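File shown: model.cif (mmCIF, C-alpha atoms).
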data_run
loop_
_atom_site.label_atom_id
_atom_site.label_comp_id
_atom_site.auth_asym_id
_atom_site.auth_seq_id
_atom_site.Cartn_x
_atom_site.Cartn_y
_atom_site.Cartn_z
CA MET S 1 30.71 -9.18 211.24
CA LYS S 2 32.01 -6.09 209.45
CA LEU S 3 30.78 -6.29 205.87
CA GLU S 4 30.53 -2.60 205.03
CA TYR S 5 33.49 -2.87 202.69
CA LEU S 6 31.41 -5.18 200.48
CA LEU S 7 28.52 -2.76 200.23
CA THR S 8 30.23 0.57 199.68
CA THR S 9 31.48 1.58 196.27
CA GLU S 10 34.39 3.82 197.26
CA ASN S 11 37.97 2.67 197.77
CA THR S 12 37.24 0.69 200.89
CA PHE S 13 39.08 -2.32 202.22
CA GLU S 14 38.89 -4.66 205.15
CA GLY S 15 40.44 -3.07 208.24
CA LYS S 16 40.04 0.53 207.08
CA HIS S 17 39.63 3.00 209.95
CA SER S 18 36.60 5.28 209.83
CA TYR S 19 38.80 8.40 210.12
CA GLU S 20 41.16 7.23 207.40
CA ASN S 21 40.97 8.54 203.81
CA VAL S 22 42.34 6.61 200.85
CA LYS S 23 44.54 8.94 198.80
CA LEU S 24 45.96 6.46 196.31
CA LEU S 25 44.98 2.98 195.24
CA LEU S 26 47.71 1.59 193.04
CA TYR S 27 47.80 -1.48 190.84
CA ARG S 28 50.61 -2.47 188.52
CA HIS S 29 50.66 -0.46 185.28
CA TRP S 30 47.99 -1.48 182.73
CA PHE S 31 50.73 -2.48 180.28
CA ILE S 32 51.59 -5.46 182.54
CA LEU S 33 48.02 -6.74 182.28
CA VAL S 34 47.65 -5.95 178.57
CA GLU S 35 50.73 -7.98 177.59
CA LYS S 36 49.20 -10.99 179.36
CA LEU S 37 45.79 -10.36 177.77
CA ILE S 38 47.42 -10.36 174.31
CA ALA S 39 48.71 -13.86 175.05
CA PHE S 40 45.17 -14.89 176.05
CA LEU S 41 43.82 -13.41 172.81
CA PHE S 42 46.24 -15.59 170.88
CA PHE S 43 45.16 -18.70 172.81
CA ALA S 44 41.50 -17.82 172.18
CA SER S 45 42.10 -17.94 168.42
CA LEU S 46 43.77 -21.39 168.47
CA PRO S 47 40.60 -23.58 168.25
CA GLY S 48 39.38 -21.53 165.25
CA ILE S 49 42.73 -21.92 163.48
CA LEU S 50 42.77 -25.64 164.28
CA TYR S 51 39.25 -26.05 162.87
CA ILE S 52 40.21 -24.27 159.64
CA VAL S 53 43.16 -26.66 159.25
CA VAL S 54 41.58 -30.00 160.24
CA GLY S 55 37.81 -29.23 160.08
CA SER S 56 37.05 -31.09 156.85
CA TYR S 57 39.23 -34.01 157.95
CA LEU S 58 37.31 -34.26 161.25
CA GLU S 59 33.96 -34.17 159.43
CA GLY S 60 35.08 -37.07 157.26
CA LEU S 61 35.95 -39.09 160.33
CA GLY S 62 32.74 -38.19 162.17
CA LEU S 63 34.66 -36.61 165.04
CA THR S 64 33.23 -33.08 164.77
CA GLU S 65 31.09 -33.42 167.91
CA LEU S 66 34.07 -34.67 169.87
CA PHE S 67 36.13 -31.74 168.56
CA TRP S 68 33.57 -29.16 169.68
CA PHE S 69 33.24 -30.84 173.05
CA LEU S 70 37.01 -30.60 173.54
CA VAL S 71 36.92 -26.98 172.33
CA SER S 72 34.21 -26.15 174.89
CA ILE S 73 36.43 -27.60 177.66
CA TYR S 74 39.36 -25.60 176.29
CA VAL S 75 37.29 -22.39 176.32
CA LEU S 76 36.21 -23.11 179.90
CA VAL S 77 39.85 -23.51 180.97
CA TRP S 78 40.76 -20.37 178.97
CA TRP S 79 38.03 -18.37 180.71
CA TYR S 80 39.27 -19.55 184.08
CA GLY S 81 42.90 -18.71 183.19
CA LEU S 82 41.90 -15.25 181.99
CA PHE S 83 40.13 -14.42 185.23
CA TYR S 84 42.87 -15.98 187.34
CA THR S 85 45.32 -13.54 185.70
CA ILE S 86 42.97 -10.58 186.23
CA THR S 87 42.36 -11.62 189.85
CA MET S 88 46.08 -11.80 190.60
CA TYR S 89 46.53 -8.40 188.95
CA LEU S 90 43.73 -6.83 191.00
CA LEU S 91 44.89 -8.29 194.29
CA ASP S 92 48.41 -6.90 194.02
CA THR S 93 47.70 -3.49 195.47
CA TRP S 94 49.37 -0.62 197.24
CA ILE S 95 47.12 1.68 199.24
CA VAL S 96 48.24 5.09 200.43
CA THR S 97 45.96 6.64 203.02
CA ASP S 98 46.47 9.80 205.05
CA HIS S 99 47.69 7.59 207.92
CA ARG S 100 49.53 4.61 206.49
CA ILE S 101 50.69 2.63 203.48
CA ILE S 102 49.44 -0.90 202.91
CA ASP S 103 51.30 -3.27 200.62
CA SER S 104 49.21 -6.29 199.68
CA GLU S 105 50.72 -8.91 197.41
CA GLN S 106 49.05 -12.07 196.19
CA GLN S 107 51.15 -14.97 194.93
CA GLY S 108 48.61 -17.65 194.06
CA PHE S 109 45.37 -18.22 195.92
CA PHE S 110 46.76 -19.23 199.27
CA ARG S 111 49.84 -17.07 199.53
CA ARG S 112 49.16 -13.49 200.49
CA THR S 113 51.49 -10.96 202.10
CA VAL S 114 50.08 -7.80 203.66
CA SER S 115 52.47 -5.25 205.14
CA GLU S 116 51.59 -1.96 206.73
CA LEU S 117 53.69 1.12 207.33
CA ASN S 118 52.81 4.17 209.38
CA LEU S 119 53.59 7.41 207.53
CA LEU S 120 55.64 8.46 210.55
CA LYS S 121 58.24 5.80 209.83
CA ILE S 122 59.13 6.88 206.30
CA GLN S 123 62.79 7.82 206.01
CA ASP S 124 63.45 8.14 202.30
CA ILE S 125 61.82 7.25 198.99
CA THR S 126 63.56 6.02 195.87
CA VAL S 127 62.02 5.91 192.39
CA ARG S 128 63.47 3.51 189.85
CA ILE S 129 62.46 3.44 186.17
CA ARG S 130 64.51 1.04 184.10
CA GLY S 131 64.22 0.06 180.45
CA PRO S 132 62.67 1.61 177.32
CA ILE S 133 59.09 0.36 177.85
CA PRO S 134 58.81 1.61 181.48
CA THR S 135 60.34 4.93 180.41
CA PHE S 136 57.94 5.28 177.49
CA PHE S 137 54.83 4.29 179.47
CA ASP S 138 56.02 5.95 182.69
CA PHE S 139 55.92 3.10 185.16
CA GLY S 140 58.49 1.78 187.56
CA GLU S 141 59.39 0.93 191.10
CA LEU S 142 59.14 2.96 194.24
CA ILE S 143 61.10 1.91 197.30
CA ILE S 144 60.44 3.29 200.76
CA GLN S 145 63.16 2.99 203.33
CA THR S 146 61.73 2.78 206.81
CA ALA S 147 63.20 3.58 210.18
CA GLY S 148 65.23 0.99 212.02
CA THR S 149 65.78 -2.51 210.73
CA GLN S 150 62.33 -2.84 209.17
CA GLU S 151 61.94 -4.29 205.70
CA ARG S 152 61.80 -1.84 202.81
CA PHE S 153 58.49 -1.19 201.09
CA HIS S 154 58.60 -2.03 197.45
CA PHE S 155 55.94 -0.78 195.00
CA LYS S 156 56.35 -2.80 191.81
CA GLN S 157 55.63 -1.56 188.27
CA ILE S 158 53.32 1.23 189.45
CA PRO S 159 52.20 3.97 187.06
CA ASN S 160 53.63 7.46 187.43
CA PRO S 161 56.01 6.66 190.33
CA ARG S 162 57.37 10.22 190.62
CA ALA S 163 53.90 11.67 191.23
CA VAL S 164 53.24 8.87 193.75
CA LYS S 165 56.47 9.77 195.56
CA ASP S 166 55.40 13.43 195.76
CA THR S 167 51.97 12.46 197.12
CA ILE S 168 53.50 10.18 199.77
CA MET S 169 55.89 12.93 200.86
CA GLU S 170 52.99 15.36 201.06
CA MET S 171 50.96 12.88 203.14
CA HIS S 172 53.97 12.28 205.37
CA ASN S 173 54.42 16.01 206.04
CA GLU S 174 50.71 16.48 206.78
CA TYR S 175 50.72 13.50 209.12
CA MET S 176 53.74 14.86 210.98
CA LYS S 177 51.96 18.22 211.43
CA ILE S 178 48.82 16.66 212.91
CA HIS S 179 50.42 13.87 214.94
CA LYS S 180 53.22 15.78 216.60
CA ASP S 181 54.23 13.19 219.20
CA GLY S 182 53.35 10.24 216.96
CA ARG S 183 50.07 9.49 218.77
CA GLU S 184 46.78 8.97 216.98
CA VAL S 185 44.54 12.02 217.51
CA HIS S 186 41.49 10.75 215.64
CA LYS S 187 38.87 8.46 217.13
CA GLU S 188 37.00 5.61 215.47
CA LEU S 189 33.40 6.59 214.64
CA MET J 1 31.82 -56.98 195.83
CA ALA J 2 28.75 -54.77 195.62
CA THR J 3 30.98 -51.67 195.53
CA VAL J 4 33.02 -53.11 192.67
CA ALA J 5 29.85 -53.91 190.76
CA LEU J 6 28.47 -50.41 191.37
CA PHE J 7 31.59 -48.57 190.18
CA GLY J 8 32.14 -51.00 187.34
CA ASN J 9 28.78 -49.99 185.86
CA ILE J 10 29.51 -46.24 185.85
CA PRO J 11 30.64 -45.22 182.36
CA PHE J 12 33.91 -43.36 181.89
CA SER J 13 32.14 -40.34 180.36
CA THR J 14 30.02 -39.82 183.50
CA VAL J 15 33.08 -40.02 185.76
CA PHE J 16 34.83 -37.49 183.50
CA ALA J 17 31.86 -35.10 183.54
CA VAL J 18 31.54 -35.22 187.34
CA PHE J 19 35.30 -34.73 187.71
CA LEU J 20 35.18 -31.69 185.40
CA LEU J 21 32.22 -30.24 187.29
CA LEU J 22 33.88 -30.59 190.70
CA VAL J 23 37.32 -29.35 189.66
CA TYR J 24 36.03 -26.37 187.69
CA TRP J 25 33.57 -25.08 190.26
CA THR J 26 36.03 -25.53 193.14
CA GLN J 27 38.57 -23.42 191.26
CA ALA J 28 35.88 -20.94 190.20
CA PHE J 29 34.85 -20.57 193.84
CA PHE J 30 38.44 -19.59 194.76
CA ILE J 31 38.41 -16.81 192.14
CA LEU J 32 34.99 -15.54 193.23
CA TYR J 33 35.97 -15.66 196.90
CA HIS J 34 39.22 -13.75 196.36
CA LEU J 35 37.67 -11.08 194.15
CA ILE J 36 34.80 -10.42 196.58
CA ARG J 37 36.75 -10.79 199.82
CA PHE J 38 40.02 -9.04 198.96
CA GLY J 39 39.17 -6.86 195.93
CA ILE J 40 39.12 -3.16 196.72
CA GLY J 41 36.20 -1.07 195.45
CA ILE J 42 33.38 -2.06 193.13
CA ALA J 43 35.38 -3.18 190.05
CA PRO J 44 36.48 -6.59 191.46
CA LYS J 45 32.88 -7.34 192.48
CA ILE J 46 31.64 -6.58 188.95
CA LEU J 47 34.40 -8.77 187.56
CA ALA J 48 33.39 -11.56 189.95
CA LEU J 49 29.83 -11.33 188.64
CA THR J 50 31.06 -11.34 185.02
CA PHE J 51 33.22 -14.37 185.72
CA PHE J 52 30.35 -16.19 187.41
CA LEU J 53 27.86 -15.51 184.60
CA GLY J 54 30.43 -16.41 181.94
CA SER J 55 31.27 -19.62 183.78
CA VAL J 56 27.61 -20.61 183.98
CA VAL J 57 27.08 -19.96 180.25
CA LEU J 58 30.27 -21.81 179.27
CA PHE J 59 29.53 -24.69 181.59
CA ILE J 60 26.04 -25.10 180.10
CA THR J 61 27.60 -25.00 176.61
CA THR J 62 30.14 -27.66 177.62
CA PHE J 63 27.40 -29.80 179.10
CA ALA J 64 25.26 -29.38 175.94
CA SER J 65 28.17 -30.42 173.72
CA TYR J 66 28.85 -33.31 176.10
CA THR J 67 25.31 -34.61 175.54
CA GLN J 68 25.89 -34.45 171.75
CA VAL J 69 28.98 -36.61 171.85
CA ASN J 70 29.21 -40.28 172.72
CA LEU J 71 32.56 -40.09 174.45
CA SER J 72 33.04 -43.82 175.07
CA LYS J 73 32.19 -44.68 171.44
CA SER J 74 34.45 -41.94 170.06
CA LEU J 75 37.35 -43.05 172.21
CA GLU J 76 36.82 -46.68 171.19
CA ARG J 77 36.81 -45.66 167.54
CA PHE J 78 39.85 -43.49 168.02
CA ASN J 79 41.70 -46.32 169.79
CA GLY J 80 40.78 -48.92 167.21
CA GLU J 81 41.55 -46.91 164.10
CA TYR J 82 44.27 -44.45 164.95
CA ILE J 83 46.32 -45.90 167.78
CA ARG J 84 48.29 -49.00 166.97
CA PRO J 85 49.80 -51.22 169.65
CA LEU J 86 53.36 -50.20 170.44
CA GLU J 87 55.97 -52.41 168.80
CA LEU J 88 59.05 -52.53 170.95
CA PRO J 89 62.39 -53.44 169.38
CA THR J 90 63.75 -56.80 170.46
CA VAL J 91 67.19 -56.88 172.00
CA ARG J 92 69.22 -60.05 172.07
CA ILE J 93 71.71 -60.45 174.82
CA LYS J 94 74.44 -63.03 174.57
CA LEU J 95 75.37 -64.55 177.88
#
Can I see the file as structure tokens?
Amino acid sequence: MKLEYLLTTENTFEGKHSYENVKLLLYRHWFILVEKLIAFLFFASLPGILYIVVGSYLEGLGLTELFWFLVSIYVLVWWYGLFYTITMYLLDTWIVTDHRIIDSEQQGFFRRTVSELNLLKIQDITVRIRGPIPTFFDFGELIIQTAGTQERFHFKQIPNPRAVKDTIMEMHNEYMKIHKDGREVHKEL
Amino acid sequence: MATVALFGNIPFSTVFAVFLLLVYWTQAFFILYHLIRFGIGIAPKILALTFFLGSVVLFITTFASYTQVNLSKSLERFNGEYIRPLELPTVRIKL
């Protein structure tokens, strides 16, 4: 079983070729995660606020232990929800290597789409930044049109999309120079 | 009959605690599995460890607070004092 990707600390992933170098590892912009984390921060403060409001009333009724037990369950669910959000954020990735582009999208635990595109097949790249917040924080969408009737590659809410476009074009040109007839010249180590 | 007697003796609070334990750790396993299996680089693995340690601490805290509370007694008290039987309006129909 190939488990090297679990032991190495670099940008490795399952199915990475030994001759392949990761040039870009892209997640959605941090702002997307932060706006969700703010909501979690608000939910974290709710039990405290509730205790301030009804604490003395609960003590009078002798239900304080029950309250803290319910709060501990709430915190457990909150902790789970927080990490579920972070997990989904971390598993939505776009990897640009010097050979291919891998689009990996996670929609829930058991729905995962992984698409791969050889750099040879890139036809054109479109960058789309819409709205004041994406303009201010410099994040947006990058769409790669591929040859033939293949589906378009869609990078969603990635940071600095113009620089990413330039890097992909650079990688594409380098790949075309090395692989003149489209055949792989490198060998697996 | 023996099965009925066995399950009839298990208190509600124990059933609730076991249910919570199973549901939480099944869901926690899915997060840990996804972060370790599909996460790229070291950061998702560190997050998986943080999540695991936090879950253990929080679960122990929940269990400790569970031992402090008599759930069945609290619910009985709550039912008796704060929840009144529902009074439905009567409707007369002339035939």
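Distance-wise, CA of Ala17 in chain J and CA of Ile46 in chain J end up 29.0 Å apart.
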Note to self: For a quick check of understanding, using only C-alpha atoms, which of S:Ile32, S:Leu24, S:Leu46, S:Val71 has the smallest distance to chain J?
What the structure shows: S:Val71
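Near chain J, the residues of chain S that fall inside 7 Å (using all atoms listed in the file) are Thr9, Glu10, Asn11, Thr12, Phe13, Glu65, Leu66, Trp68, Phe69, Ser72, Ile73, Leu76, Phe83, Tyr84, Thr87, Leu90 and Leu91 of chain S.
Distance-wise, CA of Tyr89 in chain S and CA of Val22 in chain S end up 19.6 Å apart.
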Mind working out the centre and edge lengths of an axis-aligned box for range 88-100 of chain S, all listed atoms inside, 8 Å added to each side, rounded to one decimal in Å and written as lines of an AutoDock Vina configuration file?
center_x = 46.6
center_y = -1.0
center_z = 198.4
size_x = 21.8
size_y = 37.6
size_z = 35.0
Which polymer residues, whether protein, DNA or RNA, lie within 9 Å of the coordinate (54.4, 2.9, 182.8) when you count all atoms listed in the file? List them as a CSV table (one decimal) with C-alpha atoms, in the frame of the given file, using the chain letters and numbers from the file.
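Result written to point-v2.csv:
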chain,number,residue,atom,x,y,z
S,28,ARG,CA,50.6,-2.5,188.5
S,29,HIS,CA,50.7,-0.5,185.3
S,30,TRP,CA,48.0,-1.5,182.7
S,31,PHE,CA,50.7,-2.5,180.3
S,32,ILE,CA,51.6,-5.5,182.5
S,129,ILE,CA,62.5,3.4,186.2
S,133,ILE,CA,59.1,0.4,177.8
S,134,PRO,CA,58.8,1.6,181.5
S,135,THR,CA,60.3,4.9,180.4
S,136,PHE,CA,57.9,5.3,177.5
S,137,PHE,CA,54.8,4.3,179.5
S,138,ASP,CA,56.0,6.0,182.7
S,139,PHE,CA,55.9,3.1,185.2
S,140,GLY,CA,58.5,1.8,187.6
S,157,GLN,CA,55.6,-1.6,188.3
S,158,ILE,CA,53.3,1.2,189.4
S,159,PRO,CA,52.2,4.0,187.1
S,160,ASN,CA,53.6,7.5,187.4
S,161,PRO,CA,56.0,6.7,190.3
Check: Could you tell me, as a list in words, which residues have any atom at most 7 Å from (38.6, -18.3, 172.9), counting only C-alpha atoms?
Finding: Phe43, Ala44, Ser45, Val75 and Trp78 of chain S
Item checked: Residues matched by the PyMOL selection byres ((chain S and resi 141) around 6) as a list in words -> Val127, Arg128, Gly140, Leu142, Phe155, Lys156 and Gln157 of chain S
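Atom to atom, CA of Ile86 in chain S and CA of Leu37 in chain S stand 8.9 Å apart.
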What's around Gly182 in chain S at 10 Å? Count only C-alpha atoms, leave out sequence neighbours fewer than 3 positions away in its own chain, and write the answer as a CSV table (one decimal) with C-alpha atoms, in the coordinates of the input.
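Dumped everything to selection-v7.csv:
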chain,number,residue,atom,x,y,z
S,118,ASN,CA,52.8,4.2,209.4
S,119,LEU,CA,53.6,7.4,207.5
S,120,LEU,CA,55.6,8.5,210.6
S,121,LYS,CA,58.2,5.8,209.8
S,175,TYR,CA,50.7,13.5,209.1
S,176,MET,CA,53.7,14.9,211.0
S,177,LYS,CA,52.0,18.2,211.4
S,178,ILE,CA,48.8,16.7,212.9
S,179,HIS,CA,50.4,13.9,214.9
S,185,VAL,CA,44.5,12.0,217.5
Nearby residues (all atoms listed in the file) at most 9 Å from range 166-168 of chain S, same-chain spacing under 6 positions excluded, as a short mmCIF file (atom, residue, chain, number, x, y, z; two decimals) with C-alpha atoms, in the coordinates of the input:
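Result file is selection_39.cif:
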data_model
loop_
_atom_site.label_atom_id
_atom_site.label_comp_id
_atom_site.auth_asym_id
_atom_site.auth_seq_id
_atom_site.Cartn_x
_atom_site.Cartn_y
_atom_site.Cartn_z
CA LYS S 23 44.54 8.94 198.80
CA LEU S 24 45.96 6.46 196.31
CA VAL S 96 48.24 5.09 200.43
CA THR S 97 45.96 6.64 203.02
CA ASP S 98 46.47 9.80 205.05
CA ILE S 101 50.69 2.63 203.48
CA LEU S 119 53.59 7.41 207.53
CA ILE S 125 61.82 7.25 198.99
#
